[in-house]
Amino acid sequence: MVKDRSRVIQTLKTQLSSLVNPDALSTLSAGDTIPSVILRTVEDSLFYLTRSVVEKGRVIVLVSTTCPACEQSMVFMKDIVSRSRRGGFDSFFISVHAKERTEIFRERHDIESLVLVGSDSLSRSRLKANVVPQIILVGPQGVIRFNWVGIIDSVKYVAVIDSLQIEKEMSL
C-alpha cells in the first residue's frame with residue numbers, strides 16, 4: 001500500500017513538473033539590463049523603453065488589468081510611482097493588456113502617472129511580464145537593481161521606498 005502510494009505521488013510530481021515551464025515564471029532580475037521595447041501610451045503615442053542613460057534611474061510597475069494582487073497593491077504602487085517621480089526617477093506603469101482594458105483600469109484606479117500598453121507577445125516576453133505585479137528599479141545605466149514581485153504589502157512598500165532613497169543618494 002505504501003509503495004503504491006509513493007509511486008502515485010511520484011507519477012503526479014512528474015506529470016506536474018512537465019506542465020510547469022520554469023521560464024514561464026521567470027522575471028527580470030537584479031543585474032539584468034532593461035530590454036529595449038517599443039510600447040504605446042494609452043493615448044496611442046509611441047514610447048521607446050531602452051537602456052539609455054537617465055539621470056537617476058527608472059521605476060517600472062508591471063500590472064495586469066485582471067490581477068487580484070495588482071488590485072490589492074494599487075494604493076502602494078501609485079504612491080511608489082508618485083514618490084519616485086518627485087525624486088527625479090523616470091516612473092510609469094506598463095499594463096500587459098490591450099489599450100481599451102488598460103484605459104478602463106487607469107480610470108478605475110485614478111492613475112495620473114504615465115500608463116503604457118505592453119500587450120503584444122514580444123513586449124511581454126522581453127519584459128518577462130508573466131508574473132504581476134512587479135516593481136522594477138532600474139539604475140541610471142539601465143541595469144536592474146531590484147525587482148519586487150507579487151502583492152505589495154506594507155513590508156515590500158517600505159523596502160521599495162528605502163531602496164529609492166538609497167538610489168537617489170547614490171546618484172547625487
# chains A, B, ... in the order shown; residues from 1 in each chain; ligands from 1
>>> residues_around(residues="Asp44 in chain A", least_positions_apart="2", cutoff="9 Å", atoms="only C-alpha atoms", output="tab-separated table (two decimals) with N, CA and C atoms, in the first residue's frame")
chain	number	residue	atom	x	y	z
A	40	ARG	N	3.26	51.57	-26.33
A	40	ARG	CA	2.36	52.68	-26.67
A	40	ARG	C	1.75	53.24	-25.40
A	41	THR	N	1.52	54.52	-25.40
A	41	THR	CA	0.76	55.11	-24.31
A	41	THR	C	-0.72	54.81	-24.55
A	42	VAL	N	-1.55	55.01	-23.54
A	42	VAL	CA	-2.98	54.80	-23.76
A	42	VAL	C	-3.54	55.85	-24.70
A	46	LEU	N	3.84	56.49	-29.42
A	46	LEU	CA	4.91	55.52	-29.24
A	46	LEU	C	5.79	55.91	-28.06
A	99	LYS	N	-5.09	48.23	-25.05
A	99	LYS	CA	-5.33	49.64	-24.76
A	99	LYS	C	-6.69	49.88	-24.10
A	117	VAL	N	1.11	50.55	-22.66
A	117	VAL	CA	0.50	49.27	-23.03
A	117	VAL	C	1.58	48.37	-23.59
>>> select_by_dssp(residues="chain A", states="helix (DSSP H, G or I)", output="CSV table (one decimal) with C-alpha atoms, in the first residue's frame")
chain,number,residue,atom,x,y,z
A,2,VAL,CA,2.8,2.5,1.0
A,3,LYS,CA,4.8,1.5,-2.1
A,4,ASP,CA,1.7,2.1,-4.4
A,5,ARG,CA,1.1,5.5,-2.7
A,6,SER,CA,4.7,6.7,-3.2
A,7,ARG,CA,4.6,5.5,-6.8
A,8,VAL,CA,1.3,7.5,-7.4
A,9,ILE,CA,2.9,10.6,-5.7
A,10,GLN,CA,6.0,10.3,-7.8
A,11,THR,CA,3.9,9.9,-11.0
A,12,LEU,CA,1.9,13.0,-10.1
A,13,LYS,CA,5.0,15.0,-9.4
A,14,THR,CA,6.5,14.0,-12.8
A,15,GLN,CA,3.2,15.0,-14.6
A,16,LEU,CA,3.0,18.3,-12.7
A,17,SER,CA,6.6,19.2,-13.5
A,18,SER,CA,6.1,18.6,-17.2
A,19,LEU,CA,3.1,21.0,-17.1
A,22,PRO,CA,10.1,27.3,-15.1
A,23,ASP,CA,10.7,30.0,-17.8
A,24,ALA,CA,7.0,30.9,-17.6
A,25,LEU,CA,7.5,32.2,-14.1
A,68,PRO,CA,-6.3,40.5,-7.9
A,69,ALA,CA,-2.8,41.1,-6.5
A,70,CYS,CA,-2.5,44.2,-8.6
A,71,GLU,CA,-5.8,45.4,-7.3
A,72,GLN,CA,-4.7,44.8,-3.7
A,73,SER,CA,-1.4,46.6,-4.3
A,74,MET,CA,-2.6,49.6,-6.2
A,75,VAL,CA,-2.6,52.1,-3.4
A,76,PHE,CA,1.1,51.3,-2.6
A,77,MET,CA,2.1,51.1,-6.3
A,78,LYS,CA,0.5,54.5,-7.1
A,79,ASP,CA,2.3,56.1,-4.1
A,80,ILE,CA,5.7,54.5,-5.1
A,81,VAL,CA,5.4,55.9,-8.7
A,82,SER,CA,4.4,59.3,-7.4
A,83,ARG,CA,7.2,59.4,-4.9
A,84,SER,CA,9.8,58.2,-7.4
A,85,ARG,CA,8.7,60.8,-9.9
A,86,ARG,CA,9.1,63.5,-7.3
A,99,LYS,CA,-5.3,49.6,-24.8
A,100,GLU,CA,-9.1,49.6,-24.1
A,101,ARG,CA,-8.8,47.5,-21.0
A,102,THR,CA,-5.8,49.5,-19.8
A,103,GLU,CA,-7.8,52.8,-20.2
A,104,ILE,CA,-10.6,51.4,-18.1
A,105,PHE,CA,-8.1,50.2,-15.5
A,106,ARG,CA,-6.4,53.6,-15.4
A,107,GLU,CA,-9.7,55.4,-14.9
A,108,ARG,CA,-11.0,53.0,-12.3
A,121,SER,CA,3.8,39.0,-27.0
A,122,LEU,CA,7.2,40.5,-27.8
A,123,SER,CA,6.9,43.2,-25.2
A,124,ARG,CA,5.6,40.7,-22.6
A,125,SER,CA,8.4,38.3,-23.4
A,126,ARG,CA,11.2,40.9,-23.3
A,127,LEU,CA,9.9,42.3,-20.0
A,154,SER,CA,3.5,47.4,3.8
A,155,VAL,CA,6.8,45.5,4.2
A,156,LYS,CA,7.6,45.5,0.5
A,157,TYR,CA,6.4,49.1,0.3
A,158,VAL,CA,8.9,50.2,2.9
A,159,ALA,CA,11.7,48.2,1.2
A,160,VAL,CA,10.9,49.9,-2.2
A,161,ILE,CA,10.8,53.4,-0.6
A,162,ASP,CA,14.1,52.7,1.2
A,163,SER,CA,15.7,51.5,-2.0
A,164,LEU,CA,14.5,54.5,-3.9
A,165,GLN,CA,16.1,56.8,-1.2
A,166,ILE,CA,19.4,54.9,-1.4
A,167,GLU,CA,19.4,55.0,-5.2
A,168,LYS,CA,18.6,58.7,-5.1
A,169,GLU,CA,21.5,59.4,-2.7
A,170,MET,CA,23.9,57.3,-4.9
>>> select_by_dssp(residues="chain A", states="strand (DSSP E or B)", output="ChimeraX atom specification")
/A:33,37-41,46-49,58-63,90-95,115-117,134-138,143-149
>>> closest_residue(among="A:Val143, A:Ile151, A:Val54, A:Leu116", to="Leu39 in chain A", atoms="only C-alpha atoms")
A:Leu116
>>> atom_distance(atom1="CA of Gly87 in chain A", atom2="CA of Gly139 in chain A")
13.5 Å
